[in-house]
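Enquirer: If it helps, the file is called data-v2.pdb and holds PDB, C-alpha atoms:
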```pdb
ATOM      1  CA  MET A 234     108.141  95.729 103.594
ATOM      2  CA  ASP A 235     107.741  95.288  99.836
ATOM      3  CA  SER A 236     104.581  93.373 100.695
ATOM      4  CA  TYR A 237     102.579  96.592 100.134
ATOM      5  CA  GLN A 238     101.799  95.368  96.636
ATOM      6  CA  ARG A 239      97.997  95.363  96.701
ATOM      7  CA  ILE A 240      96.494  98.552  98.117
ATOM      8  CA  LEU A 241      92.797  99.182  98.658
ATOM      9  CA  VAL A 242      91.586 102.793  98.757
ATOM     10  CA  VAL A 243      88.201 103.330 100.384
ATOM     11  CA  VAL A 244      86.471 106.623  99.555
ATOM     12  CA  ASP A 245      83.614 107.575 101.872
ATOM     13  CA  GLU A 246      80.616 108.787  99.882
ATOM     14  CA  HIS A 247      79.895 111.507 102.422
ATOM     15  CA  ASP A 248      83.500 112.492 103.188
ATOM     16  CA  PHE A 249      84.279 112.506  99.473
ATOM     17  CA  THR A 250      87.866 113.436  98.609
ATOM     18  CA  LEU A 251      90.593 112.206  96.262
ATOM     19  CA  LYS A 252      93.390 112.555  98.860
ATOM     20  CA  GLY A 253      93.493 108.852  99.618
ATOM     21  CA  ILE A 254      93.713 107.846  95.951
ATOM     22  CA  SER A 255      96.435 110.415  95.324
ATOM     23  CA  ARG A 256      98.516 109.034  98.187
ATOM     24  CA  ALA A 257      98.012 105.429  97.064
ATOM     25  CA  ALA A 258      98.969 106.396  93.502
ATOM     26  CA  TYR A 259     102.151 108.040  94.807
ATOM     27  CA  ILE A 260     103.104 104.875  96.713
ATOM     28  CA  ALA A 261     102.242 102.667  93.728
ATOM     29  CA  GLY A 262     104.397 104.826  91.485
ATOM     30  CA  LYS A 263     107.360 104.127  93.769
ATOM     31  CA  ASN A 264     106.957 100.410  94.472
ATOM     32  CA  HIS A 265     104.853  99.274  91.458
ATOM     33  CA  ALA A 266     101.892  98.253  93.614
ATOM     34  CA  ALA A 267      98.375  97.612  92.325
ATOM     35  CA  VAL A 268      95.686 100.017  93.572
ATOM     36  CA  ILE A 269      91.997  99.146  93.881
ATOM     37  CA  VAL A 270      89.492 101.964  94.516
ATOM     38  CA  MET A 271      86.210 101.344  96.318
ATOM     39  CA  MET A 272      83.397 103.710  97.298
ATOM     40  CA  LEU A 273      81.661 103.324 100.660
ATOM     41  CA  GLU A 274      77.983 104.059 100.004
ATOM     42  CA  HIS A 275      75.685 105.107 102.850
ATOM     43  CA  GLY A 276      71.955 104.553 103.046
ATOM     44  CA  ASN A 277      69.575 107.473 102.561
ATOM     45  CA  THR A 278      68.814 107.677 106.291
ATOM     46  CA  VAL A 279      72.477 108.047 107.263
ATOM     47  CA  ASN A 280      73.078 110.602 104.520
ATOM     48  CA  ARG A 281      70.139 112.726 105.686
ATOM     49  CA  LEU A 282      71.439 112.645 109.265
ATOM     50  CA  LEU A 283      74.940 113.605 108.173
ATOM     51  CA  ASP A 284      73.634 116.404 105.956
ATOM     52  CA  ALA A 285      71.681 117.795 108.906
ATOM     53  CA  PHE A 286      74.844 118.266 110.982
ATOM     54  CA  GLU A 287      77.215 119.318 108.222
ATOM     55  CA  VAL A 288      78.146 122.969 107.782
ATOM     56  CA  LYS A 289      77.301 123.944 104.229
ATOM     57  CA  THR A 290      80.085 125.559 102.219
ATOM     58  CA  GLU A 291      80.264 126.820  98.677
ATOM     59  CA  SER A 292      82.379 124.387  96.676
ATOM     60  CA  ALA A 293      82.601 122.748  93.306
ATOM     61  CA  LYS A 294      82.695 119.263  94.790
ATOM     62  CA  PRO A 295      80.428 116.645  93.222
ATOM     63  CA  SER A 296      77.189 116.267  95.124
ATOM     64  CA  THR A 297      75.414 113.212  93.730
ATOM     65  CA  LEU A 298      76.654 109.642  93.934
ATOM     66  CA  GLU A 299      76.803 109.487  90.145
ATOM     67  CA  GLU A 300      79.038 112.575  90.001
ATOM     68  CA  LYS A 301      81.339 111.107  92.634
ATOM     69  CA  TYR A 302      81.701 107.848  90.748
ATOM     70  CA  TYR A 303      82.428 109.847  87.595
ATOM     71  CA  CYS A 304      85.244 111.701  89.423
ATOM     72  CA  LEU A 305      86.726 108.437  90.659
ATOM     73  CA  HIS A 306      86.616 106.872  87.199
ATOM     74  CA  GLU A 307      88.227 109.948  85.623
ATOM     75  CA  PHE A 308      90.996 110.028  88.237
ATOM     76  CA  THR A 309      91.770 106.327  87.848
ATOM     77  CA  LYS A 310      91.877 106.660  84.056
ATOM     78  CA  LYS A 311      94.358 109.563  84.241
ATOM     79  CA  ALA A 312      96.490 107.718  86.789
ATOM     80  CA  ALA A 313      96.458 104.571  84.634
ATOM     81  CA  HIS A 314      97.736 106.576  81.669
ATOM     82  CA  THR A 315     100.859 107.411  83.707
ATOM     83  CA  GLY A 316     101.628 103.710  84.057
ATOM     84  CA  ILE A 317     100.102 103.103  87.508
ATOM     85  CA  ASN A 318      98.202  99.848  87.948
ATOM     86  CA  ILE A 319      94.913 101.247  89.258
ATOM     87  CA  SER A 320      91.311 100.132  88.851
ATOM     88  CA  MET A 321      87.834 100.480  90.350
ATOM     89  CA  ALA A 322      86.428  97.657  92.463
ATOM     90  CA  SER A 323      83.505  95.914  90.804
ATOM     91  CA  ILE A 324      81.850  95.165  94.164
ATOM     92  CA  SER A 325      79.607  97.651  95.980
ATOM     93  CA  CYS A 326      80.466  98.490  99.578
ATOM     94  CA  HIS A 327      77.985  99.592 102.242
ATOM     95  CA  SER A 328      79.802  99.038 105.544
ATOM     96  CA  SER A 329      83.226  98.547 107.063
ATOM     97  CA  ASP A 330      82.384  94.825 107.200
ATOM     98  CA  ASP A 331      82.176  94.815 103.394
ATOM     99  CA  VAL A 332      85.607  96.441 103.246
ATOM    100  CA  LEU A 333      87.134  93.894 105.624
ATOM    101  CA  GLN A 334      85.626  91.002 103.671
ATOM    102  CA  PHE A 335      86.992  92.444 100.428
ATOM    103  CA  CYS A 336      90.455  92.594 102.030
ATOM    104  CA  LEU A 337      90.238  88.904 102.854
ATOM    105  CA  ASP A 338      88.815  87.829  99.526
ATOM    106  CA  PHE A 339      91.293  89.776  97.396
ATOM    107  CA  LYS A 340      94.351  89.474  99.695
ATOM    108  CA  VAL A 341      94.792  93.218 100.216
ATOM    109  CA  ASP A 342      98.096  94.268 101.825
ATOM    110  CA  ALA A 343      97.064  97.711 103.091
ATOM    111  CA  VAL A 344      94.003  99.970 103.267
ATOM    112  CA  VAL A 345      94.092 103.713 102.526
ATOM    113  CA  VAL A 346      91.350 106.055 103.743
ATOM    114  CA  SER A 347      91.103 109.833 104.082
ATOM    115  CA  ALA A 348      90.755 111.248 107.565
ATOM    116  CA  SER A 349      87.111 111.847 108.387
ATOM    117  CA  ARG A 350      85.736 115.185 109.481
ATOM    118  CA  HIS A 351      85.120 113.822 112.964
ATOM    119  CA  LYS A 352      83.016 116.645 114.357
ATOM    120  CA  MET A 353      80.334 115.835 111.825
ATOM    121  CA  TRP A 354      79.988 112.369 113.351
ATOM    122  CA  ASP A 355      79.993 113.389 117.040
ATOM    123  CA  TRP A 356      76.205 113.531 117.137
ATOM    124  CA  LEU A 357      75.854 110.020 115.805
ATOM    125  CA  THR A 358      76.520 106.585 117.236
ATOM    126  CA  ILE A 359      78.209 105.594 113.970
ATOM    127  CA  LYS A 360      81.996 105.662 114.079
ATOM    128  CA  PRO A 361      83.658 107.396 111.093
ATOM    129  CA  LEU A 362      85.285 105.155 108.521
ATOM    130  CA  ASP A 363      88.915 105.833 109.468
ATOM    131  CA  LEU A 364      88.340 104.927 113.124
ATOM    132  CA  ARG A 365      86.390 101.812 112.208
ATOM    133  CA  LEU A 366      89.120 100.541 109.889
ATOM    134  CA  VAL A 367      91.916 101.350 112.348
ATOM    135  CA  ARG A 368      90.016  99.428 114.986
ATOM    136  CA  GLU A 369      88.801  96.463 112.928
ATOM    137  CA  SER A 370      91.232  95.869 110.074
ATOM    138  CA  ASP A 371      93.875  93.142 110.231
ATOM    139  CA  GLN A 372      95.781  94.929 107.468
ATOM    140  CA  PRO A 373      97.855  98.101 107.899
ATOM    141  CA  VAL A 374      95.719 101.246 107.562
ATOM    142  CA  PHE A 375      96.805 104.614 106.140
ATOM    143  CA  VAL A 376      94.792 107.598 107.363
ATOM    144  CA  VAL A 377      95.542 110.401 104.900
ATOM    145  CA  LYS A 378      95.475 114.116 105.701
ATOM    146  CA  ASP A 379      96.338 117.284 103.758
ATOM    147  CA  HIS A 380     100.063 117.405 104.597
ATOM    148  CA  PRO A 381     101.951 116.693 101.327
ATOM    149  CA  TRP A 382     104.745 114.134 101.109
ATOM    150  CA  GLN A 383     108.012 115.796 100.156
ATOM    151  CA  PRO A 384     111.238 114.057  99.062
ATOM    152  CA  GLY A 385     113.619 114.182 101.997
ATOM    153  CA  GLY A 386     110.700 114.289 104.423
ATOM    154  CA  HIS A 387     110.462 113.033 107.977
ATOM    155  CA  ILE A 388     108.827 109.942 109.425
ATOM    156  CA  LEU A 389     108.033 109.602 113.125
ATOM    157  CA  SER A 390     107.673 106.049 114.456
ATOM    158  CA  PHE A 391     106.488 105.062 117.918
ATOM    159  CA  VAL A 392     108.219 102.000 119.364
ATOM    160  CA  GLU A 393     108.559 100.453 122.797
ATOM    161  CA  PRO A 394     111.987  98.768 122.731
ATOM    162  CA  CYS A 395     112.104  98.276 126.504
ATOM    163  CA  CYS A 396     109.138  95.880 126.445
ATOM    164  CA  GLU A 397     110.301  92.319 126.946
ATOM    165  CA  ASP A 398     107.297  90.237 125.913
ATOM    166  CA  GLU A 399     107.457  88.578 122.507
ATOM    167  CA  ASP A 400     104.267  90.179 121.147
ATOM    168  CA  HIS A 401     105.617  93.684 121.713
ATOM    169  CA  LYS A 402     109.002  92.736 120.261
ATOM    170  CA  SER A 403     107.317  91.396 117.136
ATOM    171  CA  LEU A 404     105.165  94.514 116.735
ATOM    172  CA  ASN A 405     108.201  96.773 117.278
ATOM    173  CA  SER A 406     110.000  94.847 114.543
ATOM    174  CA  THR A 407     107.076  95.351 112.152
ATOM    175  CA  VAL A 408     106.982  99.094 112.908
ATOM    176  CA  LEU A 409     110.741  99.429 112.332
ATOM    177  CA  GLN A 410     110.735  97.394 109.103
ATOM    178  CA  THR A 411     107.872  99.547 107.822
ATOM    179  CA  SER A 412     109.737 102.697 108.870
ATOM    180  CA  ALA A 413     112.811 101.606 106.931
ATOM    181  CA  HIS A 414     110.694 100.922 103.836
ATOM    182  CA  PHE A 415     108.975 104.315 103.857
ATOM    183  CA  SER A 416     112.162 106.178 104.735
ATOM    184  CA  HIS A 417     113.602 104.755 101.526
ATOM    185  CA  LEU A 418     110.404 105.560  99.608
ATOM    186  CA  LEU A 419     110.424 109.168 100.849
ATOM    187  CA  GLN A 420     114.215 109.425 100.606
ATOM    188  CA  GLY A 421     114.024 110.975 104.049
ATOM    189  CA  ASP A 422     114.875 110.210 107.643
ATOM    190  CA  CYS A 423     113.085 108.408 110.428
ATOM    191  CA  HIS A 424     112.652 109.754 113.952
ATOM    192  CA  LEU A 425     111.945 107.247 116.713
ATOM    193  CA  ILE A 426     109.918 108.094 119.799
ATOM    194  CA  ASP A 427     109.444 106.155 123.027
ATOM    195  CA  CYS A 428     107.617 107.135 126.206
ATOM    196  CA  PHE A 429     108.053 106.301 129.854
ATOM    197  CA  TYR A 430     106.341 107.430 133.009
ATOM    198  CA  GLY A 431     109.268 107.913 135.399
ATOM    199  CA  ASP A 432     109.305 107.368 139.129
ATOM    200  CA  ASN A 433     105.886 107.543 140.696
ATOM    201  CA  PRO A 434     105.973 107.588 144.498
ATOM    202  CA  SER A 435     102.247 106.813 144.630
ATOM    203  CA  ILE A 436     102.918 103.318 143.266
ATOM    204  CA  SER A 437     104.235 101.452 146.287
ATOM    205  CA  PHE A 438     105.371  98.364 144.390
ATOM    206  CA  HIS A 439     107.511 100.341 141.928
ATOM    207  CA  LEU A 440     111.101  99.015 141.797
ATOM    208  CA  GLU A 441     113.612 101.695 142.710
ATOM    209  CA  ASN A 442     116.230 100.650 140.157
ATOM    210  CA  ASP A 443     113.891  99.684 137.343
ATOM    211  CA  GLN A 444     115.682 100.617 134.098
ATOM    212  CA  ARG A 445     112.371 101.220 132.355
ATOM    213  CA  THR A 446     112.167 104.549 134.213
ATOM    214  CA  ASN A 447     115.698 105.529 133.180
ATOM    215  CA  GLN A 448     115.703 107.943 130.235
ATOM    216  CA  GLN A 449     119.241 107.046 129.139
ATOM    217  CA  HIS A 450     118.262 103.380 128.996
ATOM    218  CA  HIS A 451     115.432 104.233 126.585
ATOM    219  CA  ILE A 452     117.783 106.322 124.421
ATOM    220  CA  GLU A 453     120.274 103.459 124.206
ATOM    221  CA  LYS A 454     117.518 101.046 123.191
ATOM    222  CA  LEU A 455     116.258 103.449 120.501
ATOM    223  CA  SER A 456     119.802 103.965 119.244
ATOM    224  CA  ASN A 457     120.169 100.203 118.835
ATOM    225  CA  CYS A 458     116.949 100.203 116.789
ATOM    226  CA  LEU A 459     118.340 102.903 114.495
ATOM    227  CA  SER A 460     121.460 100.918 113.683
ATOM    228  CA  GLN A 461     119.781  97.498 113.537
ATOM    229  CA  TYR A 462     117.226  98.632 110.946
ATOM    230  CA  HIS A 463     119.614 100.991 109.105
ATOM    231  CA  LEU A 464     117.655 104.090 110.056
ATOM    232  CA  ASP A 465     120.795 106.079 110.935
ATOM    233  CA  SER A 466     121.196 109.532 109.426
ATOM    234  CA  ARG A 467     122.899 109.514 106.039
ATOM    235  CA  GLY A 468     126.159 110.957 107.280
ATOM    236  CA  GLY A 469     126.218 108.748 110.355
ATOM    237  CA  ASN A 470     126.347 111.848 112.536
ATOM    238  CA  ASP A 471     123.856 113.512 114.828
ATOM    239  CA  ASN A 472     121.774 110.377 115.263
ATOM    240  CA  ASN A 473     120.655 111.687 118.638
ATOM    241  CA  SER A 474     118.510 114.250 116.827
ATOM    242  CA  LEU A 475     116.451 111.324 115.505
ATOM    243  CA  LEU A 476     115.738 109.974 119.002
ATOM    244  CA  HIS A 477     112.931 111.277 121.192
ATOM    245  CA  VAL A 478     112.233 109.959 124.678
ATOM    246  CA  ALA A 479     109.342 111.626 126.477
ATOM    247  CA  LYS A 480     108.138 111.367 130.033
ATOM    248  CA  ALA A 481     104.531 111.662 128.898
ATOM    249  CA  LEU A 482     101.560 109.804 127.525
ATOM    250  CA  PRO A 483     102.276 108.494 123.992
ATOM    251  CA  GLU A 484      99.459 110.452 122.342
ATOM    252  CA  ASP A 485     100.711 113.729 123.876
ATOM    253  CA  ALA A 486     104.340 113.045 122.957
ATOM    254  CA  ILE A 487     103.538 111.968 119.386
ATOM    255  CA  GLU A 488     101.462 115.093 118.780
ATOM    256  CA  SER A 489     104.238 117.336 120.106
ATOM    257  CA  VAL A 490     107.162 115.715 118.274
ATOM    258  CA  ALA A 491     105.258 115.324 114.985
ATOM    259  CA  LYS A 492     104.657 119.060 115.010
ATOM    260  CA  GLU A 493     108.242 119.795 116.058
ATOM    261  CA  VAL A 494     109.871 117.816 113.230
ATOM    262  CA  ASP A 495     107.073 118.557 110.724
ATOM    263  CA  SER A 496     106.666 114.877 109.904
ATOM    264  CA  GLU A 497     105.029 113.651 106.707
ATOM    265  CA  LEU A 498     104.018 110.352 108.272
ATOM    266  CA  VAL A 499     103.512 108.944 111.772
ATOM    267  CA  ILE A 500     103.777 105.154 112.167
ATOM    268  CA  VAL A 501     102.355 103.322 115.193
ATOM    269  CA  GLY A 502     101.651  99.670 115.937
ATOM    270  CA  ASP A 503      98.301  98.286 117.030
ATOM    271  CA  PHE A 504      97.332  94.885 118.424
ATOM    272  CA  GLY A 505      93.639  95.418 117.696
ATOM    273  CA  HIS A 506      90.820  95.553 120.226
ATOM    274  CA  GLN A 507      90.068  92.707 122.524
ATOM    275  CA  GLY A 508      87.516  93.272 125.242
ATOM    276  CA  LEU A 509      85.102  95.909 126.479
ATOM    277  CA  LEU A 510      87.702  98.125 128.196
ATOM    278  CA  ASN A 511      89.735  98.542 125.020
ATOM    279  CA  ASN A 512      86.611  99.340 123.021
ATOM    280  CA  MET A 513      85.664 102.047 125.517
ATOM    281  CA  CYS A 514      89.098 103.597 125.992
ATOM    282  CA  GLY A 515      90.489 103.372 122.477
ATOM    283  CA  ASN A 516      94.187 103.031 121.652
ATOM    284  CA  ILE A 517      97.121 105.218 120.685
ATOM    285  CA  ALA A 518      96.274 105.129 116.958
ATOM    286  CA  GLU A 519      92.720 106.318 117.533
ATOM    287  CA  LEU A 520      93.812 108.963 120.024
ATOM    288  CA  VAL A 521      96.333 110.613 117.688
ATOM    289  CA  ILE A 522      94.288 110.666 114.458
ATOM    290  CA  GLU A 523      92.743 114.051 115.218
ATOM    291  CA  ARG A 524      95.820 115.433 116.983
ATOM    292  CA  ILE A 525      98.364 115.279 114.165
ATOM    293  CA  ASN A 526      98.259 117.169 110.876
ATOM    294  CA  CYS A 527     100.073 114.538 108.827
ATOM    295  CA  ASP A 528      99.303 111.008 107.631
ATOM    296  CA  LEU A 529      99.050 108.134 110.086
ATOM    297  CA  LEU A 530     100.039 104.549 109.269
ATOM    298  CA  VAL A 531      98.763 101.934 111.710
ATOM    299  CA  VAL A 532     100.590  98.622 111.338
ATOM    300  CA  LYS A 533      99.322  95.335 112.739
ATOM    301  CA  PRO A 534     101.151  92.215 113.983
ATOM    302  CA  GLN A 535     102.398  90.073 111.100
ATOM    303  CA  SER A 536     100.335  87.143 112.413
ATOM    304  CA  MET A 537      97.125  89.111 111.722
ATOM    305  CA  HIS A 538      97.815  89.333 107.989
TER     306      HIS A 538
END
```
Show me this structure written as structure tokens.
Expert:
Amino acid sequence: MDSYQRILVVVDEHDFTLKGISRAAYIAGKNHAAVIVMMLEHGNTVNRLLDAFEVKTESAKPSTLEEKYYCLHEFTKKAAHTGINISMASISCHSSDDVLQFCLDFKVDAVVVSASRHKMWDWLTIKPLDLRLVRESDQPVFVVKDHPWQPGGHILSFVEPCCEDEDHKSLNSTVLQTSAHFSHLLQGDCHLIDCFYGDNPSISFHLENDQRTNQQHHIEKLSNCLSQYHLDSRGGNDNNSLLHVAKALPEDAIESVAKEVDSELVIVGDFGHQGLLNNMCGNIAELVIERINCDLLVVKPQSMH
């Protein structure tokens, strides 16, 4: 997955933080990627609404748009002096649509955004930036939180190796290739998680001997993924500790295991949203954003980008 060579960082004017740029700079320092920084500017009406619902705290953070741009320029200059290829976008951005168009026009490989303070947006019909990009972007999306990346850290990747249709197989492959890339970048290990729902007597058409409800079958499939994508533990021993099969909903299992292994990064695949039901119910990526305390990387099918 060396294709992460052109990274766009989107900084929300109202959720202003340098976390996303710091993470992109770290990645660029490892794989020599180019980083482009863009500010999402809100209109005065939206800013007044957001200010009305935000809890005021004493901080030294920049308050005006000019001060925020100054901080971004200063950060990019310091990062550039360390040899990182980083620059500010020359195009203004006022919506997620502008971001998506920029990705198309400038052939961006991945988008980095800091996790929004979701409670601030609950009163509004506007979705926060991280959710909008996860939902709408054809490129992989990093949602960055406060958990630092440490050498020798842990990655947790959600895959569904028991799915037989070609679309799922392709997405699983993308997730696993990405996991291998970032395991090497972090010099750490990769945990794989899969979920199943078990026997449900209320479903009359359920096949009694269906292997998809057999936990050992899922473990064997995950073990094959470890070896196929060279995600085995360094010593070749105790690979079972890297495998997690849960009889639970994916969002519940991911939250639990991410906390258990203290992961630096969670990787999930996403087909995008197609239809009213998906838009109403959301997907695994959207459901886990608020429930994990580490970064989330949402990868998309290769055909989308």
Enquirer: Which residue, A:Val377, A:Ile426, A:Val268, A:Cys527, has the smallest gap to Thr250 of chain A when you use all atoms listed in the file?
Expert: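 Answer, going by the shortest atom-to-atom distance: A:Val377.
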Enquirer: Quick check, in Å to one decimal: how far apart do atom CA of His306 of chain A and atom CA of Asp342 of chain A lie?
Expert: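 Straight-line distance from atom CA of His306 of chain A to atom CA of Asp342 of chain A works out to 22.5 Å.
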Enquirer: Could you name the residues that touch segment 390-400 of chain A at 9 Å or less, counting all atoms listed in the file, but leaving out those on the same chain fewer than 4 positions away, as a PDB file with C-alpha atoms, in the coordinates of the input?
Expert:
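Below is the file result_16.pdb, written as the result:
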```pdb
ATOM      1  CA  LEU A 404     105.165  94.514 116.735  1.00  0.00           C
ATOM      2  CA  ASN A 405     108.201  96.773 117.278  1.00  0.00           C
ATOM      3  CA  SER A 406     110.000  94.847 114.543  1.00  0.00           C
ATOM      4  CA  VAL A 408     106.982  99.094 112.908  1.00  0.00           C
ATOM      5  CA  LEU A 409     110.741  99.429 112.332  1.00  0.00           C
ATOM      6  CA  SER A 412     109.737 102.697 108.870  1.00  0.00           C
ATOM      7  CA  CYS A 423     113.085 108.408 110.428  1.00  0.00           C
ATOM      8  CA  HIS A 424     112.652 109.754 113.952  1.00  0.00           C
ATOM      9  CA  LEU A 425     111.945 107.247 116.713  1.00  0.00           C
ATOM     10  CA  ILE A 426     109.918 108.094 119.799  1.00  0.00           C
ATOM     11  CA  ASP A 427     109.444 106.155 123.027  1.00  0.00           C
ATOM     12  CA  CYS A 428     107.617 107.135 126.206  1.00  0.00           C
ATOM     13  CA  GLN A 444     115.682 100.617 134.098  1.00  0.00           C
ATOM     14  CA  ARG A 445     112.371 101.220 132.355  1.00  0.00           C
ATOM     15  CA  HIS A 450     118.262 103.380 128.996  1.00  0.00           C
ATOM     16  CA  HIS A 451     115.432 104.233 126.585  1.00  0.00           C
ATOM     17  CA  LYS A 454     117.518 101.046 123.191  1.00  0.00           C
ATOM     18  CA  LEU A 455     116.258 103.449 120.501  1.00  0.00           C
ATOM     19  CA  CYS A 458     116.949 100.203 116.789  1.00  0.00           C
ATOM     20  CA  PRO A 483     102.276 108.494 123.992  1.00  0.00           C
ATOM     21  CA  ILE A 487     103.538 111.968 119.386  1.00  0.00           C
ATOM     22  CA  LEU A 498     104.018 110.352 108.272  1.00  0.00           C
ATOM     23  CA  VAL A 499     103.512 108.944 111.772  1.00  0.00           C
ATOM     24  CA  ILE A 500     103.777 105.154 112.167  1.00  0.00           C
ATOM     25  CA  VAL A 501     102.355 103.322 115.193  1.00  0.00           C
ATOM     26  CA  GLY A 502     101.651  99.670 115.937  1.00  0.00           C
ATOM     27  CA  PHE A 504      97.332  94.885 118.424  1.00  0.00           C
ATOM     28  CA  PRO A 534     101.151  92.215 113.983  1.00  0.00           C
TER      29      PRO A 534
END
```
Enquirer: Report as JSON the centre and the edge lengths, in Å to one decimal, of the axis-aligned box holding every listed atom of segment 361-369 of chain A, padded by 3 Å on each side.
Expert:
```
{"center_x": 87.8, "center_y": 101.9, "center_z": 111.8, "size_x": 14.3, "size_y": 16.9, "size_z": 12.5}
```
Enquirer: What do you get, as a list in words, if you spell out every residue that the PyMOL selection byres ((chain A and resi 317) around 9) selects here?
Expert: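 Expected selection for the PyMOL selection byres ((chain A and resi 317) around 9) here is Ala258, Ala261, Gly262, His265, Ala266, Ala267, Val268, Thr309, Ala312, Ala313, His314, Thr315, Gly316, Asn318 and Ile319 of chain A.
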Enquirer: List the residues selected by the PyMOL selection byres ((chain A and resi 484) around 9) in the file shown, writing them as a PyMOL selection string.
Expert: chain A and resi 481-483+485-489+517-518+520-521+524
Enquirer: Residues picked by the PyMOL selection byres ((chain A and resi 417) around 12) here, as an MDAnalysis selection string?
Expert: chainID A and resid 234:235 260 263:264 384:388 410:416 418:423 462:467
Enquirer: For those residues, write C-alpha atoms to a file as a PDB file, in the coordinates of the input.
Expert:
```
ATOM      1  CA  MET A 234     108.141  95.729 103.594  1.00  0.00           C
ATOM      2  CA  ASP A 235     107.741  95.288  99.836  1.00  0.00           C
ATOM      3  CA  ILE A 260     103.104 104.875  96.713  1.00  0.00           C
ATOM      4  CA  LYS A 263     107.360 104.127  93.769  1.00  0.00           C
ATOM      5  CA  ASN A 264     106.957 100.410  94.472  1.00  0.00           C
ATOM      6  CA  PRO A 384     111.238 114.057  99.062  1.00  0.00           C
ATOM      7  CA  GLY A 385     113.619 114.182 101.997  1.00  0.00           C
ATOM      8  CA  GLY A 386     110.700 114.289 104.423  1.00  0.00           C
ATOM      9  CA  HIS A 387     110.462 113.033 107.977  1.00  0.00           C
ATOM     10  CA  ILE A 388     108.827 109.942 109.425  1.00  0.00           C
ATOM     11  CA  GLN A 410     110.735  97.394 109.103  1.00  0.00           C
ATOM     12  CA  THR A 411     107.872  99.547 107.822  1.00  0.00           C
ATOM     13  CA  SER A 412     109.737 102.697 108.870  1.00  0.00           C
ATOM     14  CA  ALA A 413     112.811 101.606 106.931  1.00  0.00           C
ATOM     15  CA  HIS A 414     110.694 100.922 103.836  1.00  0.00           C
ATOM     16  CA  PHE A 415     108.975 104.315 103.857  1.00  0.00           C
ATOM     17  CA  SER A 416     112.162 106.178 104.735  1.00  0.00           C
ATOM     18  CA  LEU A 418     110.404 105.560  99.608  1.00  0.00           C
ATOM     19  CA  LEU A 419     110.424 109.168 100.849  1.00  0.00           C
ATOM     20  CA  GLN A 420     114.215 109.425 100.606  1.00  0.00           C
ATOM     21  CA  GLY A 421     114.024 110.975 104.049  1.00  0.00           C
ATOM     22  CA  ASP A 422     114.875 110.210 107.643  1.00  0.00           C
ATOM     23  CA  CYS A 423     113.085 108.408 110.428  1.00  0.00           C
ATOM     24  CA  TYR A 462     117.226  98.632 110.946  1.00  0.00           C
ATOM     25  CA  HIS A 463     119.614 100.991 109.105  1.00  0.00           C
ATOM     26  CA  LEU A 464     117.655 104.090 110.056  1.00  0.00           C
ATOM     27  CA  ASP A 465     120.795 106.079 110.935  1.00  0.00           C
ATOM     28  CA  SER A 466     121.196 109.532 109.426  1.00  0.00           C
ATOM     29  CA  ARG A 467     122.899 109.514 106.039  1.00  0.00           C
TER      30      ARG A 467
END
```
Enquirer: Excluding segment 366-375 of chain A and its own-chain neighbours fewer than 6 positions away, which residues fall within 6 Å of it when counting only C-alpha atoms? Please give them as a PyMOL selection string.
Expert: chain A and resi 343-345+529-533+537-538
Enquirer: Using all atoms listed in the file, which residue out of A:Val243, A:Glu497, A:Leu305, A:Leu389 lies closest to Cys326 of chain A?
Expert: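 Closest to Cys326 of chain A, using all atoms listed in the file: A:Val243.
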Enquirer: Rounded to one decimal in Å, what is the spacing between atom CA of Gln334 of chain A and atom CA of Met271 of chain A?
Expert: 12.7 Å
Enquirer: If we draw a sphere of 7 Å around (106.5, 112.1, 132.2), which residues have at least one atom in it when counting all atoms listed in the file? Please report them as a list in words.
Expert: Phe429, Tyr430, Gly431, Ala479, Lys480 and Ala481 of chain A
Enquirer: Quick one: distance from atom CA of Glu519 of chain A to atom CA of Ser349 of chain A in Å, one decimal?
Expert: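 Atom CA of Ser349 of chain A lies at a distance of 12.1 Å from atom CA of Glu519 of chain A.
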